[in-house]
Each structure stands twice: as structure tokens, then as C-alpha cells.
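Undergrad: Next up is a structure, given as C-alpha cells.
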Amino acid sequence: MKPVGVAVVGCGTISHQYFTTLAARPEVRIIACADLDLDRAAKVALDHAVPVHGDLATVLAHPEVELVVNLTIPAAHAPVALAAIRAGKHVYTEKPFAATPAEAAEVLAQAAAAGVLTGGAPDTFLGAGLRTAARVVSDGEIGDPLSAIVLMQGPGPHRWHPDPEFLFGPGGGPLFDMGPYYLTALAVLFGPVTRVSATARKGFTERVIGQGPRAGQTFPVEVATHVTALLEYAGGQVATVVFSFDSPLSRQGFFEITGTTATLAAPNPNKFTGPVQIRRAGDSEWTDIPVPEADDGRGIGVCDLARAIRTGERHRASGELAAHVVDVMAAIQESAERSAIIELSSPWRP
């Protein structure tokens with residue numbers, strides 16, 4: 001198939017992983033990159049041999065660009081996606097898909113009206129690790145899935161990220177920054193969420209940048225940094241989730257699914273591979289399940305979307321799935337703020 005021409009918008013830290021993956025894939029061809037910081041766009045273009053660089057308007061006007069990979073900060077996700085759609089481009093957006101459900105719904109509506117496709121990170125569920133876990137569940141190896149427990153705890157990304165403020169502002173925090181990995185994986189396994197109950201708190205009012213040229217600078221924390229939620233799914237399953245930037249203990253990959261006959265330990269949803277283990281009723285130890293070797297990386301969802309553009313087939317890391325995850329996160333936030341149970345109704349189906 002003819003490669004889909006791609007422009008990467010947002011040349012920050014995560015972009016280098018995308019450039020590495022996309023440069024090695026036959027489904028796409030990187031045409032251009034853009035950033036608010038034009039010098040940074042120029043440097044990234046030089047580092048990754050990208051032919052065209054400049055501002056957003058420059059890359060959207062390029063006739064060979066068909067698909068925009070939107071790696072801007074969360075607050076800009078929807079505005080950049082809408083600009084790409086107005087330019088007639090398909091768009092794939094880093095997580096979270098949008099800052100609010102209303103923004104996410106507008107992106108989907110505008111894309112449908114324009115006849116273009118949308119996709120959204122995370123795409124880790126397309127990796128070998130979570131695909132293996134999903135196969136184990138769908139094949140009935142744990143019986144009927146009943147529940148899940150996921151934990152994501154750590155001291156926070158301000159310790160390593162050189163510009164971490166956006167991760168502690170609106171659209172950030174552990175819920176919106178790390179939650180999409182776990183909530184997307186759970187949605188793929190269980191389907192849409194129908195009801196949410198949650199609590200949240202802010203552990204510290206300020207954080208100190210730990211690395212980079214601004215190390216030692218303090219900045220305010222604007223969002224909750226510890227969130228606990230109980231989720232109910234359309235299929236009857238329930239999940240308990242904890243997302244925290246307040247924990248000295250780092251625990252990134254605790255993801256267990258309990259069925260009627262066995263419990264499955266799935267890999268870290270922030271990774272494309274990892275160990276998959278099963279422990280059946282009566283077993284005293286975990287049993288390893290083989291995971292195929294695969295060279296997956298951030299951006300395979302872009303390639304999946306590119307195939308859909310060319311073939312008309314349905315892509316899996318879809319905008320509809322990403323928008324549902326935004327709905328769930330907003331419901332968790334609302335539940336914590338109002339001390340209320342929040343009902344959800346989603347048009348997305350696996």
C-alpha cells in the first residue's frame with residue numbers, strides 16, 4: 001500500500017519515540033513536523049531527517065500530509081485536532097484525546113462531518129503483552145471475567161521531566177496522564193464503563209523540578225494527585241483503580257483480572273510487552289504464559305490508522321475509544337468532587 005504522509009505536531013519529549021517507530025514502518029512516511037518553538041522543530045527535523053518543519057499552518061498546508069500526529073500538550077489536543085480536521089487531515093492524538101468530554105465529542109463530530117478518521121493513544125493495548133492477556137480472557141482461560149484491580153503509584157514525573165508543569169495542571173495529574181493506559185486496557189477487556197464512584201486528594205500544593213536546566217524551581221499543583229475509583233462495566237464486571245503521584249513506592253504494573261476459575265496478571269499497560277501469568281483455583285504458584293516477541297513502540301496505533309485510511313477497515317485505537325476514556329476520567333473527577341455516583345452512557349463498543 002502507498003504510505004500515508006504524516007506530519008508530527010508537537011516536538012517535545014514523547015515525539016522522539018514516535019519518530020523512531022514511524023520511521024521504521026512501511027505504512028507511513030514522515031513528511032513534516034511542527035512546534036510552537038520553531039527552533040525545536042528545526043532541531044527535531046534535523047535529528048530525524050524530516051523534510052519539512054515549521055509552524056502548524058505550514059504543515060497543515062502541505063499537500064502530501066494526510067495524517068496529523070498530535071503530540072501537543074493536553075490543553076492543545078482538541079484545538080490542534082480541530083485545526084487538522086478543518087484542513088481535511090486525519091488526526092491521531094496523544095492521550096488524553098481531549099481535556100473534556102465536550103471537546104472530545106466536538107472532535108468526533110467535526111471529523112465525521114469532514115469525512116476524516118480520528119485515533120488516539122494509548123496504543124499499548126496493540127502490543128504483544130496486552131494482546132496476549134486479552135486472548136487469555138477471550139478464550140475463557142480464567143472463566144468468566146468478574147473484576148480487576150490496577151495500581152499506578154509513584155512519586156511523580158516532576159522528578160525526571162524537565163518541563164513538568166502541564167502534568168500537574170488541567171488535563172494532567174495521574175488520572176489524565178497515566179489513567180488512559182489502564183482505563184483503555186480495561187475497556188478493551190471489559191467494554192464501556194456505565195457507573196463510577198471515586199475519591200481524590202492533592203498530596204502537595206507545590207512540586208520541585210528534579211532534572212534539566214530548570215532543576216530546583218518550584219511550581220504549583222493544580223489538580224488531584226491521588227485518585228481511587230470503582231468502575232462498573234456494561235458486561236457486569238467491576239474494577240478498582242488507584243492512580244497516584246504521591247507515593248514514595250513506585251508500582252507501575254500491577255494489573256490483575258479475576259475470573260470465575262483463575263486470576264490473570266497482565267503486563268504494565270504503559271508498556272507494549274511484559275510478563276503474562278495465570279493462577280488457577282488451587283494453584284500455589286503463578287504459571288507463565290508465552291508472549292510473542294514483537295518490535296512494537298509508540299506509534300503503532302498511527303500505523304493502524306494509516307492502514308484504515310487506505311483499506312477502509314476499522315482501526316482499533318480509535319477516536320471513539322479514546323473519547324470514551326475521556327468520559328470515564330471526567331466522571332471519576334466529577335464523582336470525587338461531588339462525592340456522588342456518576343452514571344455513563346457511551347456509544348463506543350469494542
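Chain labels A, B, ... are given in the sequence in which chains occur in the C-alpha cells; within each chain residues are numbered consecutively from 1, and ligands are likewise numbered from 1 in the order shown.
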Neighbours of range 72-87 of chain A within 7 Å (only C-alpha atoms; same-chain residues fewer than 5 positions away dropped), as an mmCIF file with C-alpha atoms, in the first residue's frame?
TA:
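Generated output (out-v7.cif):
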```
data_model
loop_
_atom_site.group_PDB
_atom_site.id
_atom_site.type_symbol
_atom_site.label_atom_id
_atom_site.label_comp_id
_atom_site.auth_asym_id
_atom_site.auth_seq_id
_atom_site.Cartn_x
_atom_site.Cartn_y
_atom_site.Cartn_z
ATOM 1 C CA VAL A 9 2.785 18.363 15.568
ATOM 2 C CA GLY A 10 4.481 18.852 18.921
ATOM 3 C CA LEU A 60 -1.354 21.649 7.517
ATOM 4 C CA THR A 93 -3.889 12.445 19.201
ATOM 5 C CA PRO A 96 -5.723 12.304 26.691
ATOM 6 C CA PHE A 97 -7.770 12.660 23.497
ATOM 7 C CA ALA A 98 -9.185 15.963 24.794
ATOM 8 C CA ALA A 99 -9.332 17.902 28.044
ATOM 9 C CA GLU A 103 -14.137 18.802 23.425
ATOM 10 C CA ALA A 104 -13.809 15.107 22.603
ATOM 11 C CA VAL A 107 -13.627 16.486 17.592
ATOM 12 C CA ALA A 111 -14.294 14.568 11.904
ATOM 13 C CA ALA A 114 -15.428 16.202 7.263
ATOM 14 C CA GLY A 171 -5.704 17.721 31.744
#
```
Undergrad: Of the candidates A:Ala23, A:Pro347, A:Thr240, A:Cys11, which one gets nearest to Leu38 in chain A if we count only C-alpha atoms?
TA: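 Selected residue with least distance to Leu38 in chain A: A:Cys11.
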Undergrad: For CA of Thr20 in chain A and CA of Ala308 in chain A, quote the distance in Å rounded to one decimal.
TA: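 Those two atoms sit 21.3 Å apart.
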Undergrad: Taking only range 11-108 of chain A into account, list the residues labelled strand (DSSP E or B) by DSSP (computed from the backbone), as a list in words.
TA: Val28, Arg29, Ile30, Ile31, Ala32, Cys33, Ala34, Val52, His53, Gly54, Leu67, Val68, Val69, Asn70, His90, Val91, Tyr92 and Thr93 of chain A
Undergrad: Keeping C-alpha atoms, export the residues of the selection given above as a compact mmCIF listing (two decimals), in the first residue's frame.
TA:
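Saved to part-v5.txt:
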```
# COMPACT_ATOMS: atom_id res chain seq x y z
CA VAL A 28 3.61 5.83 6.84
CA ARG A 29 6.08 8.40 5.58
CA ILE A 30 7.04 11.35 7.78
CA ILE A 31 6.67 14.50 5.70
CA ALA A 32 6.79 17.32 8.23
CA CYS A 33 6.98 18.36 11.87
CA ALA A 34 5.79 21.46 13.70
CA VAL A 52 9.69 20.00 6.22
CA HIS A 53 9.44 21.84 9.52
CA GLY A 54 7.71 24.96 10.77
CA LEU A 67 -2.47 12.38 8.73
CA VAL A 68 -1.53 14.63 11.65
CA VAL A 69 0.04 13.03 14.72
CA ASN A 70 -0.94 15.44 17.51
CA HIS A 90 -6.99 12.63 9.51
CA VAL A 91 -5.68 13.02 13.06
CA TYR A 92 -4.19 10.80 15.76
CA THR A 93 -3.89 12.45 19.20
```
Undergrad: Looking at only C-alpha atoms, which of A:Thr218, A:Ser318, A:Gln277, A:Ser138 is the one that sits closest to Val302 in chain A?
TA: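 Answer, going by the shortest atom-to-atom distance: A:Ser318.
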Undergrad: Can you list, as a PyMOL selection string, every residue of range 25-146 of chain A that DSSP puts in helix (DSSP H, G or I)?
TA: chain A and resi 38-47+56-60+74-86+101-114+124-126+128-138
Undergrad: What would the file look like if the residues just selected were written as a PDB file, in the first residue's frame with C-alpha atoms?
TA:
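Writing done, so here's out11.pdb:
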```
ATOM      1  CA  LEU A  38      10.339  26.850  15.725  1.00  0.00           C
ATOM      2  CA  ASP A  39      13.942  26.228  16.779  1.00  0.00           C
ATOM      3  CA  ARG A  40      12.904  22.994  18.451  1.00  0.00           C
ATOM      4  CA  ALA A  41      11.005  21.934  15.328  1.00  0.00           C
ATOM      5  CA  ALA A  42      14.103  22.646  13.243  1.00  0.00           C
ATOM      6  CA  LYS A  43      16.327  20.610  15.564  1.00  0.00           C
ATOM      7  CA  VAL A  44      13.946  17.652  15.603  1.00  0.00           C
ATOM      8  CA  ALA A  45      13.682  17.795  11.819  1.00  0.00           C
ATOM      9  CA  LEU A  46      17.468  17.660  11.599  1.00  0.00           C
ATOM     10  CA  ASP A  47      17.764  14.842  14.155  1.00  0.00           C
ATOM     11  CA  LEU A  56       1.119  24.339  12.468  1.00  0.00           C
ATOM     12  CA  ALA A  57      -0.171  26.303   9.470  1.00  0.00           C
ATOM     13  CA  THR A  58       2.875  25.306   7.427  1.00  0.00           C
ATOM     14  CA  VAL A  59       2.440  21.577   7.901  1.00  0.00           C
ATOM     15  CA  LEU A  60      -1.354  21.649   7.517  1.00  0.00           C
ATOM     16  CA  PRO A  74      -3.178  18.163  26.704  1.00  0.00           C
ATOM     17  CA  ALA A  75      -4.804  21.606  26.703  1.00  0.00           C
ATOM     18  CA  ALA A  76      -3.986  21.943  22.982  1.00  0.00           C
ATOM     19  CA  HIS A  77      -5.096  18.464  21.914  1.00  0.00           C
ATOM     20  CA  ALA A  78      -8.611  19.395  20.838  1.00  0.00           C
ATOM     21  CA  PRO A  79      -7.754  22.755  19.221  1.00  0.00           C
ATOM     22  CA  VAL A  80      -4.953  21.218  17.151  1.00  0.00           C
ATOM     23  CA  ALA A  81      -7.109  18.223  16.206  1.00  0.00           C
ATOM     24  CA  LEU A  82      -9.906  20.539  15.067  1.00  0.00           C
ATOM     25  CA  ALA A  83      -7.472  22.621  13.014  1.00  0.00           C
ATOM     26  CA  ALA A  84      -6.217  19.460  11.316  1.00  0.00           C
ATOM     27  CA  ILE A  85      -9.759  18.303  10.609  1.00  0.00           C
ATOM     28  CA  ARG A  86     -10.679  21.675   9.113  1.00  0.00           C
ATOM     29  CA  PRO A 101     -15.884  15.218  27.112  1.00  0.00           C
ATOM     30  CA  ALA A 102     -17.396  18.195  25.288  1.00  0.00           C
ATOM     31  CA  GLU A 103     -14.137  18.802  23.425  1.00  0.00           C
ATOM     32  CA  ALA A 104     -13.809  15.107  22.603  1.00  0.00           C
ATOM     33  CA  ALA A 105     -17.369  14.995  21.277  1.00  0.00           C
ATOM     34  CA  GLU A 106     -16.731  18.062  19.119  1.00  0.00           C
ATOM     35  CA  VAL A 107     -13.627  16.486  17.592  1.00  0.00           C
ATOM     36  CA  LEU A 108     -15.573  13.316  16.712  1.00  0.00           C
ATOM     37  CA  ALA A 109     -18.488  15.289  15.285  1.00  0.00           C
ATOM     38  CA  GLN A 110     -16.286  17.555  13.171  1.00  0.00           C
ATOM     39  CA  ALA A 111     -14.294  14.568  11.904  1.00  0.00           C
ATOM     40  CA  ALA A 112     -17.472  12.724  10.909  1.00  0.00           C
ATOM     41  CA  ALA A 113     -18.756  15.803   9.076  1.00  0.00           C
ATOM     42  CA  ALA A 114     -15.428  16.202   7.263  1.00  0.00           C
ATOM     43  CA  THR A 124      -0.026  -0.080  24.072  1.00  0.00           C
ATOM     44  CA  PHE A 125      -3.002  -2.468  24.041  1.00  0.00           C
ATOM     45  CA  LEU A 126      -1.976  -3.328  20.474  1.00  0.00           C
ATOM     46  CA  ALA A 128       2.188  -8.265  22.283  1.00  0.00           C
ATOM     47  CA  GLY A 129       1.784  -8.197  26.076  1.00  0.00           C
ATOM     48  CA  LEU A 130      -1.758  -6.882  26.360  1.00  0.00           C
ATOM     49  CA  ARG A 131      -2.856  -8.732  23.212  1.00  0.00           C
ATOM     50  CA  THR A 132      -1.767 -11.959  24.901  1.00  0.00           C
ATOM     51  CA  ALA A 133      -3.683 -11.039  28.057  1.00  0.00           C
ATOM     52  CA  ALA A 134      -6.788 -10.194  26.021  1.00  0.00           C
ATOM     53  CA  ARG A 135      -6.552 -13.522  24.201  1.00  0.00           C
ATOM     54  CA  VAL A 136      -6.354 -15.419  27.513  1.00  0.00           C
ATOM     55  CA  VAL A 137      -9.510 -13.662  28.724  1.00  0.00           C
ATOM     56  CA  SER A 138     -11.441 -14.044  25.449  1.00  0.00           C
TER      57      SER A 138
END
```
Undergrad: Select, from A:Gly172, A:Thr263, A:Thr13, A:Gly274, the residue with the minimum atom-to-atom distance to Thr287 in chain A, counting only C-alpha atoms.
TA: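 The closest residue to Thr287 in chain A is A:Thr263.
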Undergrad: What is the CA of Trp160 in chain A to CA of Ala215 in chain A distance in Å?
TA: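 Separation of CA of Trp160 in chain A and CA of Ala215 in chain A: 9.5 Å.
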Undergrad: Determine, counting only C-alpha atoms, which protein, DNA and RNA residues have an atom within 7 Å of an atom of range 327-338 of chain A; residues of the same chain fewer than 3 positions away are not included. Present the result as a PyMOL selection string.
TA: chain A and resi 100-101+175-176+193+196-200+229+323-324+341-342
Undergrad: Please, could you write that set of residues out with N, CA, C and O atoms as a PDB file, in the first residue's frame?
TA:
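As written to disk, selection_12.pdb reads:
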```
ATOM      1  N   THR A 100     -11.772  17.660  27.897  1.00  0.00           N
ATOM      2  CA  THR A 100     -13.116  17.479  28.437  1.00  0.00           C
ATOM      3  C   THR A 100     -13.935  16.600  27.491  1.00  0.00           C
ATOM      4  O   THR A 100     -13.631  16.512  26.293  1.00  0.00           O
ATOM      5  N   PRO A 101     -14.997  15.973  27.993  1.00  0.00           N
ATOM      6  CA  PRO A 101     -15.884  15.218  27.112  1.00  0.00           C
ATOM      7  C   PRO A 101     -16.491  16.069  26.011  1.00  0.00           C
ATOM      8  O   PRO A 101     -16.672  15.594  24.885  1.00  0.00           O
ATOM      9  N   LEU A 175      -4.493  10.927  36.975  1.00  0.00           N
ATOM     10  CA  LEU A 175      -5.702  10.438  36.318  1.00  0.00           C
ATOM     11  C   LEU A 175      -5.628  10.649  34.811  1.00  0.00           C
ATOM     12  O   LEU A 175      -5.808   9.710  34.029  1.00  0.00           O
ATOM     13  N   PHE A 176      -5.349  11.867  34.380  1.00  0.00           N
ATOM     14  CA  PHE A 176      -5.364  12.162  32.944  1.00  0.00           C
ATOM     15  C   PHE A 176      -4.035  11.826  32.267  1.00  0.00           C
ATOM     16  O   PHE A 176      -4.007  11.601  31.060  1.00  0.00           O
ATOM     17  N   VAL A 193     -17.613   1.619  30.338  1.00  0.00           N
ATOM     18  CA  VAL A 193     -17.969   1.859  31.741  1.00  0.00           C
ATOM     19  C   VAL A 193     -19.376   2.445  31.806  1.00  0.00           C
ATOM     20  O   VAL A 193     -19.760   3.268  30.973  1.00  0.00           O
ATOM     21  N   VAL A 196     -19.533   5.125  37.902  1.00  0.00           N
ATOM     22  CA  VAL A 196     -18.256   5.477  38.528  1.00  0.00           C
ATOM     23  C   VAL A 196     -18.494   6.034  39.918  1.00  0.00           C
ATOM     24  O   VAL A 196     -19.414   6.831  40.134  1.00  0.00           O
ATOM     25  N   SER A 197     -17.633   5.631  40.864  1.00  0.00           N
ATOM     26  CA  SER A 197     -17.592   6.244  42.191  1.00  0.00           C
ATOM     27  C   SER A 197     -16.130   6.462  42.538  1.00  0.00           C
ATOM     28  O   SER A 197     -15.312   5.556  42.358  1.00  0.00           O
ATOM     29  N   ALA A 198     -15.770   7.654  43.042  1.00  0.00           N
ATOM     30  CA  ALA A 198     -14.353   7.954  43.212  1.00  0.00           C
ATOM     31  C   ALA A 198     -14.104   8.923  44.360  1.00  0.00           C
ATOM     32  O   ALA A 198     -14.995   9.656  44.798  1.00  0.00           O
ATOM     33  N   THR A 199     -12.851   8.916  44.840  1.00  0.00           N
ATOM     34  CA  THR A 199     -12.352   9.921  45.766  1.00  0.00           C
ATOM     35  C   THR A 199     -10.998  10.406  45.236  1.00  0.00           C
ATOM     36  O   THR A 199     -10.331   9.696  44.487  1.00  0.00           O
ATOM     37  N   ALA A 200     -10.606  11.614  45.639  1.00  0.00           N
ATOM     38  CA  ALA A 200      -9.337  12.162  45.167  1.00  0.00           C
ATOM     39  C   ALA A 200      -8.811  13.176  46.176  1.00  0.00           C
ATOM     40  O   ALA A 200      -9.571  13.748  46.967  1.00  0.00           O
ATOM     41  N   ALA A 229     -10.828   4.925  42.376  1.00  0.00           N
ATOM     42  CA  ALA A 229     -12.165   4.843  41.771  1.00  0.00           C
ATOM     43  C   ALA A 229     -12.633   3.400  41.677  1.00  0.00           C
ATOM     44  O   ALA A 229     -11.831   2.471  41.533  1.00  0.00           O
ATOM     45  N   ALA A 323     -12.190   8.819  23.217  1.00  0.00           N
ATOM     46  CA  ALA A 323     -13.187   9.746  23.762  1.00  0.00           C
ATOM     47  C   ALA A 323     -13.937   9.103  24.928  1.00  0.00           C
ATOM     48  O   ALA A 323     -14.281   9.787  25.913  1.00  0.00           O
ATOM     49  N   HIS A 324     -14.219   7.800  24.843  1.00  0.00           N
ATOM     50  CA  HIS A 324     -14.872   7.121  25.962  1.00  0.00           C
ATOM     51  C   HIS A 324     -13.995   7.175  27.209  1.00  0.00           C
ATOM     52  O   HIS A 324     -14.493   7.395  28.320  1.00  0.00           O
ATOM     53  N   ILE A 341     -22.159   9.193  42.889  1.00  0.00           N
ATOM     54  CA  ILE A 341     -22.035   8.151  41.872  1.00  0.00           C
ATOM     55  C   ILE A 341     -22.458   8.749  40.534  1.00  0.00           C
ATOM     56  O   ILE A 341     -23.510   9.377  40.431  1.00  0.00           O
ATOM     57  N   ILE A 342     -21.636   8.556  39.508  1.00  0.00           N
ATOM     58  CA  ILE A 342     -21.885   9.129  38.193  1.00  0.00           C
ATOM     59  C   ILE A 342     -22.229   8.019  37.200  1.00  0.00           C
ATOM     60  O   ILE A 342     -21.513   7.034  37.075  1.00  0.00           O
TER      61      ILE A 342
END
```
